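Participant: What follows is target.cif; its format and atoms are mmCIF, C-alpha atoms and all ligand atoms.
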data_model
loop_
_atom_site.group_PDB
_atom_site.id
_atom_site.type_symbol
_atom_site.label_atom_id
_atom_site.label_comp_id
_atom_site.auth_asym_id
_atom_site.auth_seq_id
_atom_site.Cartn_x
_atom_site.Cartn_y
_atom_site.Cartn_z
ATOM 1 C CA MET A 1 209.038 76.907 98.260
ATOM 2 C CA THR A 2 210.249 77.735 94.767
ATOM 3 C CA ALA A 3 212.825 75.279 93.513
ATOM 4 C CA LYS A 4 216.326 76.143 92.406
ATOM 5 C CA ILE A 5 216.643 75.272 88.725
ATOM 6 C CA ILE A 6 219.559 72.925 88.027
ATOM 7 C CA ASP A 7 221.153 74.249 84.830
ATOM 8 C CA GLY A 8 222.352 71.138 82.987
ATOM 9 C CA LYS A 9 223.878 73.193 80.176
ATOM 10 C CA ALA A 10 226.092 75.119 82.598
ATOM 11 C CA VAL A 11 227.159 71.962 84.494
ATOM 12 C CA ALA A 12 227.901 70.223 81.185
ATOM 13 C CA GLN A 13 229.954 73.205 79.954
ATOM 14 C CA ASP A 14 231.972 73.193 83.157
ATOM 15 C CA ILE A 15 232.811 69.466 82.859
ATOM 16 C CA ARG A 16 233.568 69.827 79.134
ATOM 17 C CA GLY A 17 235.962 72.691 79.899
ATOM 18 C CA LYS A 18 237.947 70.456 82.284
ATOM 19 C CA LEU A 19 237.834 67.588 79.777
ATOM 20 C CA LYS A 20 239.186 69.862 77.034
ATOM 21 C CA GLN A 21 242.246 70.616 79.183
ATOM 22 C CA GLU A 22 242.784 66.904 79.774
ATOM 23 C CA ILE A 23 242.377 66.127 76.062
ATOM 24 C CA ASP A 24 244.799 68.927 75.062
ATOM 25 C CA HIS A 25 247.326 67.433 77.490
ATOM 26 C CA MET A 26 246.843 63.930 76.018
ATOM 27 C CA ILE A 27 247.327 65.261 72.489
ATOM 28 C CA ASN A 28 250.290 67.562 73.216
ATOM 29 C CA GLU A 29 252.181 65.569 75.854
ATOM 30 C CA GLN A 30 251.339 61.953 75.002
ATOM 31 C CA GLY A 31 250.659 62.237 71.261
ATOM 32 C CA MET A 32 247.335 60.497 71.875
ATOM 33 C CA THR A 33 244.030 61.787 70.471
ATOM 34 C CA PRO A 34 240.941 60.217 72.087
ATOM 35 C CA GLY A 35 238.788 58.617 69.363
ATOM 36 C CA LEU A 36 235.095 57.729 69.417
ATOM 37 C CA ALA A 37 233.200 55.746 66.769
ATOM 38 C CA VAL A 38 229.448 56.280 66.639
ATOM 39 C CA VAL A 39 227.359 53.782 64.708
ATOM 40 C CA LEU A 40 223.835 54.468 63.510
ATOM 41 C CA VAL A 41 221.621 51.957 61.726
ATOM 42 C CA GLY A 42 218.573 53.240 59.840
ATOM 43 C CA ASN A 43 216.872 56.616 59.678
ATOM 44 C CA ASN A 44 215.236 57.280 63.045
ATOM 45 C CA PRO A 45 215.339 61.123 63.065
ATOM 46 C CA ALA A 46 215.825 61.381 66.851
ATOM 47 C CA SER A 47 218.728 58.867 66.752
ATOM 48 C CA GLU A 48 220.253 60.694 63.791
ATOM 49 C CA ALA A 49 220.088 63.995 65.708
ATOM 50 C CA TYR A 50 221.685 62.417 68.817
ATOM 51 C CA VAL A 51 224.504 60.820 66.800
ATOM 52 C CA ASN A 52 225.250 64.125 65.046
ATOM 53 C CA MET A 53 225.349 65.912 68.407
ATOM 54 C CA LYS A 54 227.749 63.284 69.779
ATOM 55 C CA ALA A 55 230.103 63.601 66.780
ATOM 56 C CA LYS A 56 229.966 67.437 66.975
ATOM 57 C CA ALA A 57 230.706 67.431 70.726
ATOM 58 C CA CYS A 58 233.805 65.276 70.064
ATOM 59 C CA GLN A 59 235.067 67.706 67.458
ATOM 60 C CA GLU A 60 234.517 70.696 69.757
ATOM 61 C CA LEU A 61 236.802 69.112 72.341
ATOM 62 C CA GLY A 62 239.475 68.205 69.786
ATOM 63 C CA MET A 63 238.710 64.479 69.890
ATOM 64 C CA TYR A 64 238.742 62.252 66.820
ATOM 65 C CA SER A 65 235.339 60.901 65.811
ATOM 66 C CA GLU A 66 234.097 58.525 63.147
ATOM 67 C CA LYS A 67 230.441 58.283 62.169
ATOM 68 C CA HIS A 68 229.221 55.058 60.537
ATOM 69 C CA HIS A 69 225.715 55.338 59.121
ATOM 70 C CA LEU A 70 224.364 51.980 57.912
ATOM 71 C CA GLU A 71 221.147 51.407 55.940
ATOM 72 C CA ALA A 72 218.021 50.295 57.828
ATOM 73 C CA ASP A 73 218.157 46.890 56.057
ATOM 74 C CA THR A 74 221.832 46.260 56.942
ATOM 75 C CA THR A 75 222.327 42.651 58.043
ATOM 76 C CA GLU A 76 223.166 41.848 61.624
ATOM 77 C CA GLN A 77 226.414 40.241 60.410
ATOM 78 C CA ALA A 78 227.483 43.435 58.590
ATOM 79 C CA LEU A 79 227.019 45.395 61.830
ATOM 80 C CA LEU A 80 228.922 42.784 63.870
ATOM 81 C CA ASP A 81 231.755 42.863 61.276
ATOM 82 C CA LEU A 82 231.968 46.666 61.565
ATOM 83 C CA ILE A 83 232.150 46.454 65.379
ATOM 84 C CA GLU A 84 234.927 43.833 65.169
ATOM 85 C CA LYS A 85 236.821 46.145 62.839
ATOM 86 C CA LEU A 86 236.397 49.080 65.262
ATOM 87 C CA ASN A 87 237.464 46.839 68.163
ATOM 88 C CA GLY A 88 240.783 46.351 66.350
ATOM 89 C CA LYS A 89 241.440 50.019 65.491
ATOM 90 C CA ALA A 90 244.117 51.637 67.673
ATOM 91 C CA ASP A 91 242.810 55.181 67.038
ATOM 92 C CA ILE A 92 239.324 54.273 68.345
ATOM 93 C CA HIS A 93 239.024 54.197 72.143
ATOM 94 C CA GLY A 94 235.242 54.199 72.426
ATOM 95 C CA ILE A 95 232.462 52.595 70.384
ATOM 96 C CA LEU A 96 228.844 53.675 70.650
ATOM 97 C CA VAL A 97 226.081 51.901 68.742
ATOM 98 C CA GLN A 98 223.010 54.137 68.911
ATOM 99 C CA LEU A 99 219.914 52.346 70.259
ATOM 100 C CA PRO A 100 217.252 51.331 69.464
ATOM 101 C CA LEU A 101 218.373 49.118 66.561
ATOM 102 C CA PRO A 102 216.003 47.845 63.821
ATOM 103 C CA GLU A 103 214.001 44.800 64.941
ATOM 104 C CA HIS A 104 215.840 42.274 62.744
ATOM 105 C CA ILE A 105 219.061 42.956 64.679
ATOM 106 C CA ASP A 106 219.679 41.287 68.056
ATOM 107 C CA THR A 107 220.710 44.176 70.344
ATOM 108 C CA THR A 108 222.226 41.870 72.984
ATOM 109 C CA LYS A 109 224.452 40.199 70.382
ATOM 110 C CA VAL A 110 225.622 43.617 69.202
ATOM 111 C CA ILE A 111 226.440 44.813 72.734
ATOM 112 C CA LEU A 112 228.274 41.551 73.468
ATOM 113 C CA THR A 113 230.463 42.110 70.383
ATOM 114 C CA ILE A 114 231.773 45.503 71.550
ATOM 115 C CA ASP A 115 235.152 45.196 73.280
ATOM 116 C CA PRO A 116 234.313 45.902 76.971
ATOM 117 C CA LYS A 117 237.369 48.206 77.101
ATOM 118 C CA LYS A 118 235.763 50.370 74.369
ATOM 119 C CA ASP A 119 232.199 50.110 75.698
ATOM 120 C CA VAL A 120 231.856 53.781 76.673
ATOM 121 C CA ASP A 121 228.065 53.356 77.036
ATOM 122 C CA GLY A 122 228.687 50.849 79.850
ATOM 123 C CA PHE A 123 226.135 48.432 78.373
ATOM 124 C CA HIS A 124 228.317 45.288 78.007
ATOM 125 C CA PRO A 125 227.438 42.694 80.693
ATOM 126 C CA ILE A 126 231.085 42.690 81.842
ATOM 127 C CA ASN A 127 230.826 46.410 82.595
ATOM 128 C CA THR A 128 227.289 46.096 83.994
ATOM 129 C CA GLY A 129 228.442 43.221 86.226
ATOM 130 C CA ASN A 130 231.548 45.065 87.433
ATOM 131 C CA PHE A 131 229.464 48.161 88.113
ATOM 132 C CA HIS A 132 226.967 46.146 90.170
ATOM 133 C CA ILE A 133 229.629 44.584 92.368
ATOM 134 C CA GLY A 134 231.476 47.865 92.797
ATOM 135 C CA ILE A 135 234.501 47.251 90.551
ATOM 136 C CA GLU A 136 235.519 50.350 88.582
ATOM 137 C CA SER A 137 233.896 50.254 85.142
ATOM 138 C CA PHE A 138 232.183 52.458 82.583
ATOM 139 C CA ILE A 139 229.050 53.949 84.142
ATOM 140 C CA PRO A 140 226.145 54.455 81.684
ATOM 141 C CA CYS A 141 226.189 58.085 80.548
ATOM 142 C CA THR A 142 222.684 59.275 81.470
ATOM 143 C CA PRO A 143 222.653 57.978 85.085
ATOM 144 C CA TYR A 144 226.225 59.269 85.462
ATOM 145 C CA GLY A 145 225.017 62.696 84.315
ATOM 146 C CA VAL A 146 222.144 62.496 86.818
ATOM 147 C CA LEU A 147 224.649 61.865 89.629
ATOM 148 C CA LYS A 148 226.765 64.860 88.554
ATOM 149 C CA LEU A 149 223.656 67.101 88.588
ATOM 150 C CA ILE A 150 222.643 65.934 92.079
ATOM 151 C CA GLU A 151 226.199 66.601 93.279
ATOM 152 C CA THR A 152 225.874 70.276 92.271
ATOM 153 C CA THR A 153 223.097 70.740 94.880
ATOM 154 C CA GLY A 154 225.510 69.911 97.706
ATOM 155 C CA LEU A 155 223.101 67.248 99.004
ATOM 156 C CA ASP A 156 224.725 64.293 100.712
ATOM 157 C CA ILE A 157 223.150 61.287 98.952
ATOM 158 C CA ALA A 158 224.191 58.846 101.691
ATOM 159 C CA GLY A 159 221.212 57.886 103.836
ATOM 160 C CA LYS A 160 218.666 59.731 101.662
ATOM 161 C CA ASP A 161 215.486 58.144 100.334
ATOM 162 C CA VAL A 162 215.789 58.017 96.549
ATOM 163 C CA THR A 163 212.928 56.916 94.316
ATOM 164 C CA VAL A 164 213.593 56.117 90.662
ATOM 165 C CA VAL A 165 210.587 55.845 88.325
ATOM 166 C CA GLY A 166 211.228 53.694 85.237
ATOM 167 C CA ALA A 167 213.297 50.526 85.274
ATOM 168 C CA SER A 168 214.958 50.473 81.834
ATOM 169 C CA ASN A 169 218.396 48.937 81.320
ATOM 170 C CA LEU A 170 219.640 52.248 79.871
ATOM 171 C CA VAL A 171 218.577 54.602 82.657
ATOM 172 C CA GLY A 172 216.346 53.421 85.528
ATOM 173 C CA LYS A 173 218.209 50.291 86.649
ATOM 174 C CA PRO A 174 221.719 51.807 86.491
ATOM 175 C CA ALA A 175 220.480 55.039 88.140
ATOM 176 C CA ALA A 176 219.058 53.005 91.044
ATOM 177 C CA MET A 177 222.334 51.062 91.375
ATOM 178 C CA LEU A 178 224.403 54.244 91.305
ATOM 179 C CA MET A 179 222.285 55.812 94.057
ATOM 180 C CA LEU A 180 222.596 52.611 96.111
ATOM 181 C CA GLN A 181 226.378 52.780 95.748
ATOM 182 C CA GLU A 182 226.261 56.394 96.966
ATOM 183 C CA GLY A 183 224.606 55.112 100.153
ATOM 184 C CA ALA A 184 220.961 55.969 99.427
ATOM 185 C CA THR A 185 217.952 53.840 100.353
ATOM 186 C CA VAL A 186 216.516 53.180 96.912
ATOM 187 C CA THR A 187 213.027 52.417 95.630
ATOM 188 C CA LEU A 188 212.730 51.463 91.961
ATOM 189 C CA CYS A 189 209.225 51.918 90.505
ATOM 190 C CA HIS A 190 208.028 50.547 87.174
ATOM 191 C CA LYS A 191 204.919 49.887 85.085
ATOM 192 C CA MET A 192 203.563 47.343 87.573
ATOM 193 C CA THR A 193 203.987 49.575 90.668
ATOM 194 C CA HIS A 194 200.566 49.822 92.380
ATOM 195 C CA ASP A 195 200.738 53.116 94.232
ATOM 196 C CA LEU A 196 203.309 55.323 92.531
ATOM 197 C CA ALA A 197 202.564 58.408 94.674
ATOM 198 C CA LEU A 198 203.262 56.438 97.873
ATOM 199 C CA HIS A 199 206.840 55.907 96.678
ATOM 200 C CA THR A 200 207.428 59.327 95.100
ATOM 201 C CA GLN A 201 206.094 61.285 98.113
ATOM 202 C CA LYS A 202 208.723 59.855 100.465
ATOM 203 C CA ALA A 203 211.681 60.636 98.160
ATOM 204 C CA ASP A 204 214.313 63.193 99.168
ATOM 205 C CA ILE A 205 215.657 62.696 95.652
ATOM 206 C CA LEU A 206 213.249 61.755 92.872
ATOM 207 C CA ILE A 207 214.573 60.552 89.506
ATOM 208 C CA LEU A 208 212.061 60.261 86.683
ATOM 209 C CA ALA A 209 212.831 58.080 83.679
ATOM 210 C CA ALA A 210 209.420 56.755 82.656
ATOM 211 C CA GLY A 211 208.849 58.534 79.342
ATOM 212 C CA CYS A 212 205.324 59.600 80.428
ATOM 213 C CA PRO A 213 204.934 63.366 79.937
ATOM 214 C CA GLY A 214 203.529 65.183 82.985
ATOM 215 C CA LEU A 215 203.274 61.969 85.052
ATOM 216 C CA ILE A 216 204.532 63.608 88.260
ATOM 217 C CA THR A 217 202.379 66.376 89.723
ATOM 218 C CA ALA A 218 203.080 68.524 92.804
ATOM 219 C CA GLY A 219 200.969 66.312 95.096
ATOM 220 C CA MET A 220 203.320 63.402 94.385
ATOM 221 C CA VAL A 221 206.465 65.273 95.481
ATOM 222 C CA LYS A 222 207.902 65.829 98.968
ATOM 223 C CA GLU A 223 208.382 69.478 99.983
ATOM 224 C CA GLY A 224 211.996 70.491 99.237
ATOM 225 C CA ALA A 225 212.876 67.341 97.256
ATOM 226 C CA CYS A 226 215.506 67.239 94.524
ATOM 227 C CA VAL A 227 213.656 66.320 91.301
ATOM 228 C CA ILE A 228 215.652 65.073 88.312
ATOM 229 C CA ASP A 229 213.657 64.642 85.099
ATOM 230 C CA VAL A 230 215.190 62.299 82.531
ATOM 231 C CA GLY A 231 211.980 62.073 80.478
ATOM 232 C CA THR A 232 212.026 63.461 76.939
ATOM 233 C CA THR A 233 208.876 62.875 74.933
ATOM 234 C CA LYS A 234 207.907 64.965 71.911
ATOM 235 C CA VAL A 235 204.440 66.447 72.418
ATOM 236 C CA ALA A 236 203.100 68.747 69.672
ATOM 237 C CA GLY A 237 206.672 69.298 68.468
ATOM 238 C CA LYS A 238 208.036 70.196 71.930
ATOM 239 C CA LEU A 239 210.145 68.109 74.333
ATOM 240 C CA LYS A 240 208.228 67.271 77.521
ATOM 241 C CA GLY A 241 209.595 65.710 80.682
ATOM 242 C CA ASP A 242 207.900 63.279 83.083
ATOM 243 C CA VAL A 243 207.387 66.143 85.556
ATOM 244 C CA ASP A 244 204.646 68.752 85.478
ATOM 245 C CA PHE A 245 207.339 71.423 85.765
ATOM 246 C CA GLU A 246 205.216 74.497 86.487
ATOM 247 C CA THR A 247 203.466 73.037 89.568
ATOM 248 C CA VAL A 248 206.316 70.852 90.872
ATOM 249 C CA LYS A 249 208.818 73.741 90.821
ATOM 250 C CA GLU A 250 206.673 75.462 93.492
ATOM 251 C CA LYS A 251 207.166 72.510 95.866
ATOM 252 C CA ALA A 252 210.561 70.990 95.114
ATOM 253 C CA GLY A 253 213.884 72.253 96.465
ATOM 254 C CA TRP A 254 215.717 71.655 93.192
ATOM 255 C CA ILE A 255 214.435 70.701 89.751
ATOM 256 C CA THR A 256 215.882 70.065 86.287
ATOM 257 C CA PRO A 257 214.180 71.630 83.250
ATOM 258 C CA VAL A 258 213.408 69.758 80.012
ATOM 259 C CA PRO A 259 215.173 70.575 77.788
ATOM 260 C CA GLY A 260 218.385 71.893 79.357
ATOM 261 C CA GLY A 261 218.622 69.561 82.365
ATOM 262 C CA VAL A 262 219.796 65.964 81.986
ATOM 263 C CA GLY A 263 220.063 66.072 78.167
ATOM 264 C CA PRO A 264 223.359 68.006 77.880
ATOM 265 C CA MET A 265 224.892 65.765 80.570
ATOM 266 C CA THR A 266 224.472 62.481 78.647
ATOM 267 C CA ILE A 267 226.811 63.519 75.834
ATOM 268 C CA THR A 268 229.229 65.104 78.300
ATOM 269 C CA MET A 269 229.561 61.850 80.257
ATOM 270 C CA LEU A 270 230.071 59.966 76.982
ATOM 271 C CA LEU A 271 233.046 62.233 76.275
ATOM 272 C CA TYR A 272 234.214 61.705 79.855
ATOM 273 C CA ASN A 273 233.997 57.910 79.482
ATOM 274 C CA THR A 274 235.932 58.076 76.200
ATOM 275 C CA VAL A 275 238.744 59.961 77.941
ATOM 276 C CA GLN A 276 238.694 57.280 80.684
ATOM 277 C CA ALA A 277 238.984 54.615 77.958
ATOM 278 C CA VAL A 278 242.160 56.282 76.668
ATOM 279 C CA LYS A 279 243.647 56.286 80.167
ATOM 280 C CA GLN A 280 242.871 52.586 80.575
ATOM 281 C CA ALA A 281 244.372 51.782 77.163
ATOM 282 C CA THR A 282 247.715 53.446 77.982
HETATM 283 N N1 LIG B 301 219.689 55.617 72.884
HETATM 284 C C1 LIG B 301 219.168 56.425 73.837
HETATM 285 N N2 LIG B 301 220.089 56.687 74.798
HETATM 286 C C2 LIG B 301 221.207 56.028 74.434
HETATM 287 C C3 LIG B 301 222.492 55.924 75.025
HETATM 288 O O1 LIG B 301 222.796 56.472 76.088
HETATM 289 N N3 LIG B 301 223.386 55.170 74.330
HETATM 290 C C4 LIG B 301 223.066 54.541 73.163
HETATM 291 N N4 LIG B 301 224.006 53.801 72.578
HETATM 292 N N5 LIG B 301 221.875 54.611 72.601
HETATM 293 C C5 LIG B 301 220.962 55.373 73.223
#
Starting from the file, give its structure as structure tokens.
Facilitator:
Amino acid sequence: MTAKIIDGKAVAQDIRGKLKQEIDHMINEQGMTPGLAVVLVGNNPASEAYVNMKAKACQELGMYSEKHHLEADTTEQALLDLIEKLNGKADIHGILVQLPLPEHIDTTKVILTIDPKKDVDGFHPINTGNFHIGIESFIPCTPYGVLKLIETTGLDIAGKDVTVVGASNLVGKPAAMLMLQEGATVTLCHKMTHDLALHTQKADILILAAGCPGLITAGMVKEGACVIDVGTTKVAGKLKGDVDFETVKEKAGWITPVPGGVGPMTITMLLYNTVQAVKQAT
């Protein structure tokens, strides 16, 4: 079997097109422009690139965006003060603090300071808690994008075996929870998992978020499975996913490429969450 390639760019464009209509309506009919503040601390080149892409995507959709770039040696208090200020701004509906933060800053404290109503990343424990007990809340952008990609295959997630590899707070854990809420039987693998292949081979839907390039080979994948690769590791200047794409695409039913799969969806769902924040604020 040769897998169908899930085109993340095309899915993202489609969602952004619908969002643009909604944003135009908000601006023209309600006099309300959705606003997102992105905060970057330090000079991590990958983070800088992501933040610039997020600000650019906002502008393309006619949203208001503010970029706050703080020095690497900024004090924790200065960052907390900025977040408090953004919490109080009526023209800002979403706040995103790009992670990871420098080591001298307590990430949990920073997340706890963001107003949960503006937490478009869905990282505040109030949103995480609501999400886990099934109360409507902001869903973290990357797992949300993964769900949207799976939906394009027409697969019914309910009752399927889903294996998630990688148990980070940003991707793996919320992806597993989202699949559970869709009715899947979920296995969450992590660094301590003894026999990874045992768990990946049984998956109808396999979500990889381990950050280990080429970890998943064809022998570890069920024939016809839907394989979603969240991994992005730079190897010799090129982005590599967790999946050995060339061999796995001959066995899977669907597969996402890296780049061009999950990546474009993360920013799209951030824009989506910011529009949701406006609706909740009005
Ligand atoms: N760093 C890597 N991914 C993310 C994300 O989705 N949100 C934030 N805030 N930081 C990130």
Participant: Take the PyMOL selection byres (((chain A and resi 172) around 9) and not hetatm), run it mentally on this structure, and tell me the resulting residues as a ChimeraX atom specification.
Facilitator: /A:143,164-171,173-177,188-190,207-210
Participant: Report as an MDAnalysis selection string all protein, DNA and RNA residues lying within 9 Å of Leu99 of chain A, evaluated on all atoms listed in the file, omitting residues in the same chain fewer than 4 positions from it.
Facilitator: chainID A and resid 40:41 47 107
Participant: Enumerate as a PyMOL selection string the residues within 10 Å of ligand LIG 301 (chain B), counting only C-alpha atoms and all ligand atoms.
Facilitator: chain A and resi 38-40+46-47+50-51+95-101+111+119-123+140-143+170-171+263+266-267+269-270
Participant: Let me see the file: selected residues, C-alpha atoms, as a compact mmCIF listing (two decimals), in the frame of the given file.
Facilitator:
# COMPACT_ATOMS: atom_id res chain seq x y z
CA VAL A 38 229.45 56.28 66.64
CA VAL A 39 227.36 53.78 64.71
CA LEU A 40 223.84 54.47 63.51
CA ALA A 46 215.82 61.38 66.85
CA SER A 47 218.73 58.87 66.75
CA TYR A 50 221.68 62.42 68.82
CA VAL A 51 224.50 60.82 66.80
CA ILE A 95 232.46 52.60 70.38
CA LEU A 96 228.84 53.68 70.65
CA VAL A 97 226.08 51.90 68.74
CA GLN A 98 223.01 54.14 68.91
CA LEU A 99 219.91 52.35 70.26
CA PRO A 100 217.25 51.33 69.46
CA LEU A 101 218.37 49.12 66.56
CA ILE A 111 226.44 44.81 72.73
CA ASP A 119 232.20 50.11 75.70
CA VAL A 120 231.86 53.78 76.67
CA ASP A 121 228.06 53.36 77.04
CA GLY A 122 228.69 50.85 79.85
CA PHE A 123 226.14 48.43 78.37
CA PRO A 140 226.14 54.46 81.68
CA CYS A 141 226.19 58.08 80.55
CA THR A 142 222.68 59.28 81.47
CA PRO A 143 222.65 57.98 85.08
CA LEU A 170 219.64 52.25 79.87
CA VAL A 171 218.58 54.60 82.66
CA GLY A 263 220.06 66.07 78.17
CA THR A 266 224.47 62.48 78.65
CA ILE A 267 226.81 63.52 75.83
CA MET A 269 229.56 61.85 80.26
CA LEU A 270 230.07 59.97 76.98
Participant: Atom CA of Asp242 of chain A to atom CA of Leu215 of chain A: how many Å, to one decimal?
Facilitator: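 We find that atom CA of Asp242 of chain A and atom CA of Leu215 of chain A lie 5.2 Å from each other.
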Participant: In Å, with one decimal, what is the gap from atom CA of Lys118 of chain A to atom CA of Pro45 of chain A?
Facilitator: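 Between atom CA of Lys118 of chain A and atom CA of Pro45 of chain A the gap is 25.7 Å.
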Participant: For segment 144-160 of chain A, list every protein, DNA or RNA residue within 7 Å, evaluated using all atoms listed in the file, and leave out those in the same chain fewer than 4 positions away; present the list as a list of chain:residue names.
Facilitator: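 Counting only the stated atoms, we get A:Ile139, A:Pro140, A:Glu182, A:Gly183, A:Ala184, A:Thr185, A:Asp204, A:Val262, A:Met265, A:Thr266, A:Met269.
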